[in-house]
file protein10.cif (mmCIF, C-alpha atoms)
data_start
#
loop_
_atom_site.label_atom_id
_atom_site.label_comp_id
_atom_site.auth_asym_id
_atom_site.auth_seq_id
_atom_site.Cartn_x
_atom_site.Cartn_y
_atom_site.Cartn_z
CA MET A 1 -5.21 -8.20 27.72
CA SER A 2 -3.14 -9.52 30.64
CA ASP A 3 -1.07 -7.22 32.90
CA LYS A 4 2.06 -8.68 31.34
CA GLU A 5 0.82 -7.98 27.79
CA GLU A 6 -0.33 -4.49 28.76
CA GLY A 7 3.11 -3.78 30.17
CA ARG A 8 4.81 -4.83 26.93
CA THR A 9 2.46 -2.61 24.91
CA THR A 10 3.06 0.38 27.16
CA ARG A 11 6.83 -0.01 27.02
CA MET A 12 6.79 -0.26 23.23
CA SER A 13 4.59 2.84 22.96
CA GLU A 14 7.22 4.76 24.93
CA VAL A 15 9.91 3.84 22.37
CA ARG A 16 9.91 6.07 19.32
CA VAL A 17 8.70 4.02 16.36
CA ILE A 18 9.27 5.36 12.86
CA GLY A 19 7.37 4.19 9.81
CA ALA A 20 8.82 4.76 6.34
CA ASP A 21 7.32 4.27 2.90
CA ILE A 22 9.83 3.96 0.07
CA GLY A 23 8.64 4.57 -3.47
CA GLY A 24 10.44 4.73 -6.77
CA THR A 25 11.05 8.48 -6.56
CA HIS A 26 10.55 9.41 -2.91
CA ILE A 27 10.57 8.38 0.72
CA THR A 28 8.00 9.41 3.32
CA ALA A 29 8.68 8.86 7.02
CA ALA A 30 6.93 9.75 10.26
CA ALA A 31 6.80 8.90 13.94
CA VAL A 32 3.89 6.58 14.78
CA ASN A 33 2.06 6.14 18.07
CA LEU A 34 1.27 2.43 18.22
CA LEU A 35 -1.41 2.61 20.89
CA PRO A 36 -4.03 4.47 18.78
CA GLY A 37 -2.26 3.61 15.51
CA THR A 38 -1.80 7.24 14.44
CA VAL A 39 0.93 9.36 12.86
CA HIS A 40 2.51 12.32 14.62
CA GLU A 41 1.75 14.62 11.69
CA ARG A 42 4.35 17.24 12.58
CA SER A 43 7.01 14.56 12.24
CA SER A 44 6.00 13.64 8.68
CA THR A 45 8.85 14.10 6.21
CA ARG A 46 8.95 13.52 2.46
CA LYS A 47 12.08 13.63 0.33
CA ALA A 48 12.81 13.04 -3.34
CA VAL A 49 15.14 10.12 -4.01
CA LEU A 50 17.39 9.71 -7.03
CA ALA A 51 16.48 6.09 -7.63
CA ASN A 52 19.20 5.67 -10.26
CA GLY A 53 21.85 7.15 -7.98
CA ALA A 54 24.75 5.49 -6.24
CA LYS A 55 24.09 3.34 -3.18
CA GLU A 56 25.63 5.96 -0.86
CA GLU A 57 23.30 8.67 -2.16
CA ILE A 58 20.19 6.48 -1.89
CA ILE A 59 20.95 5.29 1.64
CA SER A 60 21.92 8.80 2.76
CA THR A 61 18.62 10.28 1.51
CA TRP A 62 16.58 7.54 3.16
CA ALA A 63 18.47 7.98 6.42
CA GLN A 64 18.05 11.75 6.33
CA ALA A 65 14.26 11.45 6.04
CA ILE A 66 14.11 8.87 8.83
CA ARG A 67 16.33 10.99 11.06
CA GLU A 68 14.15 14.07 10.50
CA ALA A 69 11.00 12.07 11.28
CA ALA A 70 12.65 11.04 14.54
CA GLY A 71 13.12 14.68 15.50
CA GLY A 72 16.65 15.03 14.16
CA LYS A 73 18.22 12.38 16.34
CA VAL A 74 18.10 8.60 16.32
CA VAL A 75 17.90 7.26 19.86
CA ALA A 76 19.25 3.84 20.81
CA GLY A 77 15.85 2.30 21.48
CA MET A 78 14.21 3.51 18.27
CA ARG A 79 12.40 0.98 16.08
CA LEU A 80 12.01 1.36 12.33
CA GLY A 81 9.44 -0.28 10.04
CA ILE A 82 9.84 0.17 6.28
CA ALA A 83 7.34 -0.36 3.47
CA MET A 84 9.51 -1.45 0.55
CA PRO A 85 8.64 -2.31 -3.06
CA GLY A 86 9.69 -5.68 -4.39
CA PRO A 87 11.35 -7.80 -5.28
CA PHE A 88 13.06 -7.72 -1.90
CA ASP A 89 14.12 -10.25 0.74
CA TYR A 90 12.05 -8.75 3.54
CA ALA A 91 13.30 -11.09 6.27
CA GLN A 92 16.99 -10.49 5.56
CA GLY A 93 16.75 -6.92 4.27
CA ILE A 94 18.42 -7.61 0.92
CA SER A 95 17.32 -5.79 -2.22
CA LEU A 96 16.51 -7.93 -5.26
CA MET A 97 15.41 -5.05 -7.50
CA GLN A 98 17.12 -5.03 -10.86
CA ASN A 99 16.37 -3.54 -14.29
CA GLN A 100 13.29 -1.69 -12.99
CA ASP A 101 14.76 1.79 -13.41
CA LYS A 102 15.08 2.08 -9.65
CA TYR A 103 17.61 1.11 -7.01
CA ASP A 104 19.82 -1.02 -9.26
CA ALA A 105 22.77 0.17 -7.16
CA LEU A 106 21.36 -1.76 -4.18
CA TYR A 107 20.95 -5.08 -5.99
CA MET A 108 21.96 -7.99 -3.71
CA LEU A 109 23.14 -5.61 -0.99
CA ASP A 110 22.14 -5.83 2.68
CA VAL A 111 20.00 -2.70 2.92
CA LYS A 112 19.27 -3.38 6.58
CA ASP A 113 22.94 -3.24 7.51
CA LEU A 114 23.63 -0.24 5.29
CA LEU A 115 20.78 1.75 6.85
CA ALA A 116 21.67 0.62 10.36
CA LEU A 117 25.24 1.82 9.87
CA GLU A 118 24.12 5.17 8.44
CA LEU A 119 21.62 5.72 11.27
CA GLN A 120 23.79 4.23 14.02
CA LEU A 121 20.94 1.88 14.85
CA GLU A 122 20.93 -1.82 15.67
CA PRO A 123 20.10 -3.86 12.53
CA ALA A 124 17.69 -5.92 14.65
CA HIS A 125 15.66 -2.72 15.18
CA ILE A 126 14.77 -2.47 11.47
CA ARG A 127 11.96 -4.49 9.84
CA PHE A 128 10.68 -4.55 6.26
CA LEU A 129 7.37 -5.47 4.63
CA ASN A 130 6.11 -5.25 1.07
CA ASP A 131 4.59 -1.83 0.34
CA ALA A 132 1.24 -3.21 -0.90
CA ALA A 133 1.01 -5.37 2.21
CA CYS A 134 1.83 -2.37 4.42
CA PHE A 135 -1.16 -0.47 3.01
CA LEU A 136 -3.52 -3.22 4.20
CA GLN A 137 -1.57 -3.77 7.42
CA GLY A 138 -2.11 -0.10 8.26
CA GLU A 139 -5.83 -0.14 7.44
CA VAL A 140 -6.33 -3.19 9.67
CA PHE A 141 -4.23 -1.71 12.47
CA GLY A 142 -5.82 1.73 12.56
CA GLY A 143 -8.09 2.33 9.57
CA ALA A 144 -11.08 1.06 7.62
CA ALA A 145 -10.59 -2.62 8.55
CA LYS A 146 -9.54 -2.07 12.15
CA GLY A 147 -10.00 -5.21 14.21
CA ALA A 148 -10.59 -7.56 11.27
CA ALA A 149 -9.07 -11.01 11.54
CA ARG A 150 -9.00 -11.50 7.76
CA ALA A 151 -9.13 -8.81 5.10
CA ILE A 152 -8.43 -8.05 1.46
CA GLY A 153 -6.91 -4.79 0.27
CA LEU A 154 -6.87 -3.41 -3.27
CA THR A 155 -5.09 -0.29 -4.48
CA LEU A 156 -6.62 1.02 -7.68
CA GLY A 157 -4.61 3.47 -9.73
CA THR A 158 -2.30 3.30 -12.72
CA GLY A 159 -2.03 -0.39 -11.89
CA LEU A 160 -3.68 -2.90 -9.57
CA GLY A 161 -2.23 -3.67 -6.15
CA SER A 162 -3.58 -6.49 -4.00
CA ALA A 163 -2.91 -7.82 -0.52
CA LYS A 164 -4.47 -10.16 2.02
CA TYR A 165 -4.33 -10.07 5.81
CA GLN A 166 -4.54 -13.08 8.11
CA ASP A 167 -2.86 -14.34 11.27
CA GLY A 168 -1.83 -10.80 12.21
CA LEU A 169 0.19 -10.01 9.09
CA ALA A 170 -0.55 -8.77 5.58
CA ALA A 171 1.13 -10.13 2.47
CA ASP A 172 1.31 -9.01 -1.12
CA ALA A 173 -1.12 -11.08 -3.18
CA ALA A 174 0.46 -9.94 -6.48
CA LEU A 175 -2.76 -10.59 -8.43
CA TRP A 176 -2.23 -7.83 -11.01
CA CYS A 177 -1.08 -10.52 -13.45
CA ALA A 178 -3.77 -13.09 -12.57
CA PRO A 179 -5.55 -14.45 -15.67
CA PHE A 180 -8.77 -12.51 -16.23
CA LYS A 181 -11.08 -12.41 -19.24
CA ASP A 182 -8.88 -12.14 -22.36
CA GLY A 183 -5.76 -11.06 -20.51
CA VAL A 184 -4.68 -10.29 -16.96
CA ALA A 185 -6.52 -8.50 -14.16
CA GLU A 186 -4.64 -5.20 -14.40
CA GLU A 187 -5.71 -4.77 -18.03
CA TYR A 188 -9.35 -4.51 -16.88
CA ILE A 189 -8.98 -3.03 -13.37
CA SER A 190 -6.87 0.10 -13.63
CA ALA A 191 -6.96 3.75 -14.61
CA ARG A 192 -5.66 2.77 -18.03
CA TRP A 193 -8.76 0.67 -18.69
CA LEU A 194 -11.15 3.39 -17.52
CA ILE A 195 -9.51 6.04 -19.70
CA ARG A 196 -9.42 3.76 -22.73
CA ARG A 197 -13.04 2.66 -22.24
CA TYR A 198 -14.24 6.26 -21.95
CA GLN A 199 -12.56 7.06 -25.25
CA GLU A 200 -14.16 4.01 -26.87
CA LEU A 201 -17.61 5.10 -25.67
CA THR A 202 -17.34 8.80 -26.46
CA GLY A 203 -14.52 9.30 -28.95
CA GLN A 204 -13.04 11.79 -26.48
CA LYS A 205 -9.71 11.65 -24.68
CA VAL A 206 -9.12 12.48 -21.01
CA ARG A 207 -5.82 12.80 -19.22
CA ASN A 208 -6.79 10.91 -16.08
CA VAL A 209 -9.65 9.43 -14.06
CA LYS A 210 -10.15 12.66 -12.12
CA GLU A 211 -10.97 14.44 -15.39
CA MET A 212 -13.44 11.67 -16.23
CA VAL A 213 -15.20 12.06 -12.89
CA GLY A 214 -15.53 15.78 -13.53
CA LYS A 215 -17.67 14.97 -16.57
CA VAL A 216 -20.05 12.55 -14.82
CA SER A 217 -22.96 14.98 -14.49
CA ALA A 218 -22.86 15.94 -18.16
CA GLU A 219 -21.80 12.69 -19.82
CA SER A 220 -23.72 9.46 -19.13
CA LYS A 221 -20.94 7.38 -20.68
CA VAL A 222 -18.74 8.15 -17.66
CA LEU A 223 -21.13 6.27 -15.40
CA GLN A 224 -21.34 3.43 -17.92
CA ALA A 225 -17.56 3.05 -17.90
CA PHE A 226 -17.49 2.98 -14.09
CA GLN A 227 -20.34 0.46 -13.96
CA GLU A 228 -18.42 -1.85 -16.28
CA PHE A 229 -15.32 -1.30 -14.15
CA GLY A 230 -17.29 -2.29 -11.03
CA GLN A 231 -18.56 -5.41 -12.78
CA HIS A 232 -14.98 -6.40 -13.60
CA LEU A 233 -13.89 -5.76 -10.03
CA GLY A 234 -16.71 -7.86 -8.59
CA GLU A 235 -15.92 -10.75 -10.92
CA PHE A 236 -12.23 -10.47 -10.03
CA LEU A 237 -12.97 -10.53 -6.30
CA LEU A 238 -15.09 -13.70 -6.40
CA SER A 239 -12.26 -16.21 -6.12
CA PHE A 240 -10.02 -13.87 -4.10
CA ILE A 241 -12.62 -13.44 -1.33
CA GLY A 242 -13.27 -17.18 -1.17
CA GLU A 243 -9.60 -18.09 -1.06
CA ALA A 244 -8.77 -15.48 1.59
CA GLU A 245 -11.97 -16.10 3.63
CA SER A 246 -12.08 -12.34 4.06
CA GLU A 247 -14.39 -10.40 6.39
CA VAL A 248 -13.96 -7.07 4.59
CA VAL A 249 -12.57 -5.57 1.41
CA VAL A 250 -10.67 -2.27 1.63
CA ILE A 251 -10.31 -0.18 -1.54
CA GLY A 252 -7.49 2.36 -1.73
CA GLY A 253 -5.60 4.26 -4.40
CA ASN A 254 -6.73 7.28 -6.41
CA ILE A 255 -9.70 5.51 -8.01
CA ALA A 256 -11.11 4.75 -4.54
CA ASN A 257 -12.21 8.39 -4.39
CA SER A 258 -14.84 7.42 -6.99
CA LEU A 259 -16.02 4.33 -5.12
CA ASP A 260 -19.67 5.42 -5.18
CA LEU A 261 -19.62 5.27 -8.99
CA PHE A 262 -18.61 1.62 -9.20
CA ARG A 263 -19.57 0.13 -5.81
CA PRO A 264 -23.18 -0.81 -6.86
CA ALA A 265 -22.06 -2.82 -9.89
CA MET A 266 -19.27 -4.46 -7.89
CA GLU A 267 -21.62 -5.45 -5.04
CA GLN A 268 -24.22 -6.72 -7.51
CA ALA A 269 -21.66 -8.96 -9.23
CA LEU A 270 -20.71 -10.39 -5.84
CA ALA A 271 -24.33 -10.77 -4.63
CA GLU A 272 -25.30 -12.66 -7.79
CA ASN A 273 -22.74 -15.24 -6.70
CA GLY A 274 -23.92 -15.37 -3.09
CA ILE A 275 -21.26 -13.10 -1.60
CA ILE A 276 -22.30 -10.25 0.70
CA ILE A 277 -19.27 -8.53 2.23
CA PRO A 278 -18.51 -5.00 3.49
CA ILE A 279 -16.67 -2.90 0.90
CA LYS A 280 -14.90 0.02 2.57
CA GLN A 281 -12.89 2.93 1.28
CA ALA A 282 -9.42 3.20 2.81
CA GLN A 283 -9.25 5.82 5.56
CA LEU A 284 -5.57 6.48 6.14
CA GLY A 285 -4.47 7.83 2.75
CA GLU A 286 -0.71 8.16 2.36
CA TYR A 287 -0.25 7.28 6.03
CA ALA A 288 -1.56 3.72 5.61
CA ALA A 289 1.78 2.24 4.58
CA LEU A 290 3.64 4.21 7.27
CA ILE A 291 1.33 2.97 10.01
CA GLY A 292 1.39 -0.54 8.60
CA ALA A 293 5.18 -0.61 8.56
CA ALA A 294 5.43 0.79 12.08
CA SER A 295 2.87 -1.75 13.33
CA LEU A 296 5.42 -4.50 12.68
CA TRP A 297 6.65 -3.43 16.11
CA LYS A 298 3.33 -3.75 17.89
CA ALA A 299 3.62 -5.77 21.08
#
call {"tool": "encode", "arguments": {"input": "protein10.cif", "output": "structure tokens"}}
result
Amino acid sequence: MSDKEEGRTTRMSEVRVIGADIGGTHITAAAVNLLPGTVHERSSTRKAVLANGAKEEIISTWAQAIREAAGGKVVAGMRLGIAMPGPFDYAQGISLMQNQDKYDALYMLDVKDLLALELQLEPAHIRFLNDAACFLQGEVFGGAAKGAARAIGLTLGTGLGSAKYQDGLAADAALWCAPFKDGVAEEYISARWLIRRYQELTGQKVRNVKEMVGKVSAESKVLQAFQEFGQHLGEFLLSFIGEAESEVVVIGGNIANSLDLFRPAMEQALAENGIIIPIKQAQLGEYAALIGAASLWKA
């Protein structure tokens, strides 16, 4: 790093940078130190959001969380990075969400300007990125894929999230609806599939994947379901890895906590097709998107 580049990095690290992660029912915000890529944990704030509320109520709640993360006061030089669900015009800051049971009141409005006005912050000091992309951006910046030039990120939970990282920026891959087997990828790579498959194998119902995992020592069919899940995931990744020319795959989401149960089958499916690649569990948890959003301001 040149002296000039080091100077820019140092100056940016001295400016308070806030990362925010906006979900359908909540917002989480925290101050982020860009040099190590870590969250100031005492600054972390989480607030419930009435997603079907009026625009004033939504913006006010978001701004309140951001202000608290900043220590109660927004300073002139503060920078703000926001992980935002789509559809959204991330460059312009305009919400395109409609008929999704969330944030209809913001449809076609300039969220950047509304937030800037509420926070008394320059609009140019606010940046947005897709929330799935922010997860991977954070893991590359300060987590499991730190230093990678190209990476793939998957979030495995109720649904399937996917992102790819290259040229210094992550992007939502939106592969949940990619054609796969007799349907789309999410039908085979999600908590819904695991729960349904367990019931097919055992005739028993479970409420969630965590309950399934709790039965693994007593019920062999749990491991069978996870092995089939890993096979699906490996097959799904074949074309994705090739297209993205990835160096590493990062697995996040609640199902990632059970990675050891499906990693062998996933790696075997890849190896049978000549692909050997590191598969890593995400390290940053709920902070990944915050750090990823804040890293949009890295020098």
call {"tool": "closest_atom_pairs", "arguments": {"input": "protein10.cif", "of": "range 236-286 of chain A", "to": "range 154-172 of chain A", "cutoff": "7 Å", "atoms": "all atoms listed in the file", "output": "tab-separated table"}}
result
residue	atom	partner	partner_atom	distance
A:Ala244	CA	A:Lys164	CA	6.9
A:Val250	CA	A:Leu154	CA	6.3
A:Ile251	CA	A:Leu154	CA	5.0
A:Gly252	CA	A:Thr155	CA	4.5
A:Gly253	CA	A:Thr155	CA	4.6
A:Asn254	CA	A:Gly157	CA	5.5
A:Ile255	CA	A:Leu156	CA	5.5
A:Ala256	CA	A:Leu156	CA	6.6
call {"tool": "atom_distance", "arguments": {"input": "protein10.cif", "atom1": "CA of Gln137 in chain A", "atom2": "CA of His26 in chain A"}}
result
20.7 Å
call {"tool": "residues_around", "arguments": {"input": "protein10.cif", "residues": "Val111 in chain A", "least_positions_apart": "3", "cutoff": "9 Å", "atoms": "only C-alpha atoms", "output": "PDB file with C-alpha atoms, in the coordinates of the input"}}
result
ATOM      1  CA  ILE A  59      20.950   5.290   1.640  1.00  0.00           C
ATOM      2  CA  GLN A  92      16.990 -10.490   5.560  1.00  0.00           C
ATOM      3  CA  GLY A  93      16.750  -6.920   4.270  1.00  0.00           C
ATOM      4  CA  ILE A  94      18.420  -7.610   0.920  1.00  0.00           C
ATOM      5  CA  SER A  95      17.320  -5.790  -2.220  1.00  0.00           C
ATOM      6  CA  LEU A 106      21.360  -1.760  -4.180  1.00  0.00           C
ATOM      7  CA  MET A 108      21.960  -7.990  -3.710  1.00  0.00           C
ATOM      8  CA  LEU A 114      23.630  -0.240   5.290  1.00  0.00           C
ATOM      9  CA  LEU A 115      20.780   1.750   6.850  1.00  0.00           C
ATOM     10  CA  ALA A 116      21.670   0.620  10.360  1.00  0.00           C
TER      11      ALA A 116
END
call {"tool": "residues_near_point", "arguments": {"input": "protein10.cif", "point": "(17.7, 0.3, -13.2)", "cutoff": "12 Å", "atoms": "all atoms listed in the file", "output": "list in words"}}
result
Gly24, Leu50, Ala51, Asn52, Gly53, Ala54, Leu96, Met97, Gln98, Asn99, Gln100, Asp101, Lys102, Tyr103, Asp104, Ala105, Leu106 and Tyr107 of chain A
call {"tool": "write_last_selection", "arguments": {"input": "protein10.cif", "atoms": "C-alpha atoms", "output": "compact mmCIF listing (two decimals), in the frame of the given file"}}
result
# COMPACT_ATOMS: atom_id res chain seq x y z
CA GLY A 24 10.44 4.73 -6.77
CA LEU A 50 17.39 9.71 -7.03
CA ALA A 51 16.48 6.09 -7.63
CA ASN A 52 19.20 5.67 -10.26
CA GLY A 53 21.85 7.15 -7.98
CA ALA A 54 24.75 5.49 -6.24
CA LEU A 96 16.51 -7.93 -5.26
CA MET A 97 15.41 -5.05 -7.50
CA GLN A 98 17.12 -5.03 -10.86
CA ASN A 99 16.37 -3.54 -14.29
CA GLN A 100 13.29 -1.69 -12.99
CA ASP A 101 14.76 1.79 -13.41
CA LYS A 102 15.08 2.08 -9.65
CA TYR A 103 17.61 1.11 -7.01
CA ASP A 104 19.82 -1.02 -9.26
CA ALA A 105 22.77 0.17 -7.16
CA LEU A 106 21.36 -1.76 -4.18
CA TYR A 107 20.95 -5.08 -5.99
call {"tool": "closest_residue", "arguments": {"input": "protein10.cif", "among": "A:Tyr287, A:Phe240, A:Gln204, A:Lys280", "to": "Leu175 in chain A", "atoms": "only C-alpha atoms"}}
result
A:Phe240
call {"tool": "resolve_selection", "arguments": {"input": "protein10.cif", "expression": "the PyMOL selection byres ((chain A and resi 186-194) around 7)", "output": "list in words"}}
result
Leu156, Gly157, Thr158, Gly159, Leu160, Trp176, Cys177, Gly183, Val184, Ala185, Ile195, Arg196, Arg197, Tyr198, Val209, Ala225, Phe229, His232 and Leu233 of chain A
call {"tool": "resolve_selection", "arguments": {"input": "protein10.cif", "expression": "the PyMOL selection byres ((chain A and resi 21) around 6)", "output": "VMD selection string"}}
result
chain A and resid 20 22 27 to 28 82 to 83 290
call {"tool": "atom_distance", "arguments": {"input": "protein10.cif", "atom1": "CA of Leu238 in chain A", "atom2": "CA of Ala173 in chain A"}}
result
14.6 Å
call {"tool": "residues_around", "arguments": {"input": "protein10.cif", "residues": "Leu270 in chain A", "least_positions_apart": "5", "cutoff": "12 Å", "atoms": "all atoms listed in the file", "output": "PyMOL selection string"}}
result
chain A and resi 230-242+249+263-265+275-279
call {"tool": "resolve_selection", "arguments": {"input": "protein10.cif", "expression": "the PyMOL selection byres ((chain A and resi 31-48) around 6)", "output": "number ranges by chain"}}
result
A: 13, 17-18, 25-30, 49, 69, 142
call {"tool": "axis_aligned_box", "arguments": {"input": "protein10.cif", "around": "range 146-164 of chain A", "padding_each_side": "6 Å", "output": "AutoDock Vina command-line options"}}
result
--center_x -6.3 --center_y -4.0 --center_z 0.7 --size_x 20.6 --size_y 27.0 --size_z 38.9
call {"tool": "atom_distance", "arguments": {"input": "protein10.cif", "atom1": "CA of Ala91 in chain A", "atom2": "CA of Gly71 in chain A"}}
result
27.4 Å
call {"tool": "closest_residue", "arguments": {"input": "protein10.cif", "among": "A:Pro123, A:Gly143, A:Gly274, A:Gly77", "to": "Ala288 in chain A", "atoms": "only C-alpha atoms"}}
result
A:Gly143
call {"tool": "residues_around", "arguments": {"input": "protein10.cif", "residues": "Glu122 in chain A", "least_positions_apart": "3", "cutoff": "12 Å", "atoms": "all atoms listed in the file", "output": "list of chain:residue names"}}
result
A:Val74, A:Val75, A:Ala76, A:Gly77, A:Met78, A:Arg79, A:Leu80, A:Lys112, A:Asp113, A:Leu114, A:Leu115, A:Ala116, A:Leu117, A:Glu118, A:Leu119, A:His125, A:Ile126, A:Arg127
call {"tool": "build_atoms", "arguments": {"input": "protein10.cif", "residues": "range 247-261 of chain A", "atoms": "N, CA, C and O atoms", "output": "PDB file, keeping the file's coordinate frame"}}
result
ATOM      1  N   GLU A 247     -13.250 -11.013   5.715  1.00  0.00           N
ATOM      2  CA  GLU A 247     -14.390 -10.400   6.390  1.00  0.00           C
ATOM      3  C   GLU A 247     -14.746  -9.053   5.779  1.00  0.00           C
ATOM      4  O   GLU A 247     -15.860  -8.551   5.963  1.00  0.00           O
ATOM      5  N   VAL A 248     -13.790  -8.429   5.097  1.00  0.00           N
ATOM      6  CA  VAL A 248     -13.960  -7.070   4.590  1.00  0.00           C
ATOM      7  C   VAL A 248     -13.008  -6.853   3.432  1.00  0.00           C
ATOM      8  O   VAL A 248     -11.942  -7.465   3.370  1.00  0.00           O
ATOM      9  N   VAL A 249     -13.424  -5.988   2.518  1.00  0.00           N
ATOM     10  CA  VAL A 249     -12.570  -5.570   1.410  1.00  0.00           C
ATOM     11  C   VAL A 249     -12.310  -4.080   1.551  1.00  0.00           C
ATOM     12  O   VAL A 249     -13.253  -3.291   1.693  1.00  0.00           O
ATOM     13  N   VAL A 250     -11.045  -3.682   1.523  1.00  0.00           N
ATOM     14  CA  VAL A 250     -10.670  -2.270   1.630  1.00  0.00           C
ATOM     15  C   VAL A 250     -10.136  -1.812   0.272  1.00  0.00           C
ATOM     16  O   VAL A 250      -9.242  -2.443  -0.298  1.00  0.00           O
ATOM     17  N   ILE A 251     -10.700  -0.724  -0.236  1.00  0.00           N
ATOM     18  CA  ILE A 251     -10.310  -0.180  -1.540  1.00  0.00           C
ATOM     19  C   ILE A 251      -9.533   1.112  -1.319  1.00  0.00           C
ATOM     20  O   ILE A 251     -10.035   2.059  -0.710  1.00  0.00           O
ATOM     21  N   GLY A 252      -8.311   1.156  -1.814  1.00  0.00           N
ATOM     22  CA  GLY A 252      -7.490   2.360  -1.730  1.00  0.00           C
ATOM     23  C   GLY A 252      -6.987   2.765  -3.104  1.00  0.00           C
ATOM     24  O   GLY A 252      -7.391   2.210  -4.123  1.00  0.00           O
ATOM     25  N   GLY A 253      -6.085   3.734  -3.137  1.00  0.00           N
ATOM     26  CA  GLY A 253      -5.600   4.260  -4.400  1.00  0.00           C
ATOM     27  C   GLY A 253      -6.479   5.397  -4.890  1.00  0.00           C
ATOM     28  O   GLY A 253      -7.568   5.649  -4.367  1.00  0.00           O
ATOM     29  N   ASN A 254      -6.021   6.095  -5.933  1.00  0.00           N
ATOM     30  CA  ASN A 254      -6.730   7.280  -6.410  1.00  0.00           C
ATOM     31  C   ASN A 254      -8.149   6.986  -6.874  1.00  0.00           C
ATOM     32  O   ASN A 254      -9.058   7.802  -6.697  1.00  0.00           O
ATOM     33  N   ILE A 255      -8.373   5.828  -7.478  1.00  0.00           N
ATOM     34  CA  ILE A 255      -9.700   5.510  -8.010  1.00  0.00           C
ATOM     35  C   ILE A 255     -10.697   5.271  -6.879  1.00  0.00           C
ATOM     36  O   ILE A 255     -11.914   5.386  -7.075  1.00  0.00           O
ATOM     37  N   ALA A 256     -10.212   4.966  -5.679  1.00  0.00           N
ATOM     38  CA  ALA A 256     -11.110   4.750  -4.540  1.00  0.00           C
ATOM     39  C   ALA A 256     -11.929   5.991  -4.224  1.00  0.00           C
ATOM     40  O   ALA A 256     -13.012   5.892  -3.634  1.00  0.00           O
ATOM     41  N   ASN A 257     -11.446   7.166  -4.621  1.00  0.00           N
ATOM     42  CA  ASN A 257     -12.210   8.390  -4.390  1.00  0.00           C
ATOM     43  C   ASN A 257     -13.513   8.407  -5.181  1.00  0.00           C
ATOM     44  O   ASN A 257     -14.399   9.220  -4.897  1.00  0.00           O
ATOM     45  N   SER A 258     -13.616   7.530  -6.167  1.00  0.00           N
ATOM     46  CA  SER A 258     -14.840   7.420  -6.990  1.00  0.00           C
ATOM     47  C   SER A 258     -15.605   6.148  -6.671  1.00  0.00           C
ATOM     48  O   SER A 258     -16.379   5.661  -7.495  1.00  0.00           O
ATOM     49  N   LEU A 259     -15.425   5.616  -5.484  1.00  0.00           N
ATOM     50  CA  LEU A 259     -16.020   4.330  -5.120  1.00  0.00           C
ATOM     51  C   LEU A 259     -17.536   4.304  -5.334  1.00  0.00           C
ATOM     52  O   LEU A 259     -18.087   3.286  -5.778  1.00  0.00           O
ATOM     53  N   ASP A 260     -18.216   5.397  -5.046  1.00  0.00           N
ATOM     54  CA  ASP A 260     -19.670   5.420  -5.180  1.00  0.00           C
ATOM     55  C   ASP A 260     -20.125   5.189  -6.622  1.00  0.00           C
ATOM     56  O   ASP A 260     -21.266   4.769  -6.857  1.00  0.00           O
ATOM     57  N   LEU A 261     -19.251   5.442  -7.585  1.00  0.00           N
ATOM     58  CA  LEU A 261     -19.620   5.270  -8.990  1.00  0.00           C
ATOM     59  C   LEU A 261     -19.545   3.813  -9.436  1.00  0.00           C
ATOM     60  O   LEU A 261     -20.223   3.436 -10.394  1.00  0.00           O
TER      61      LEU A 261
END
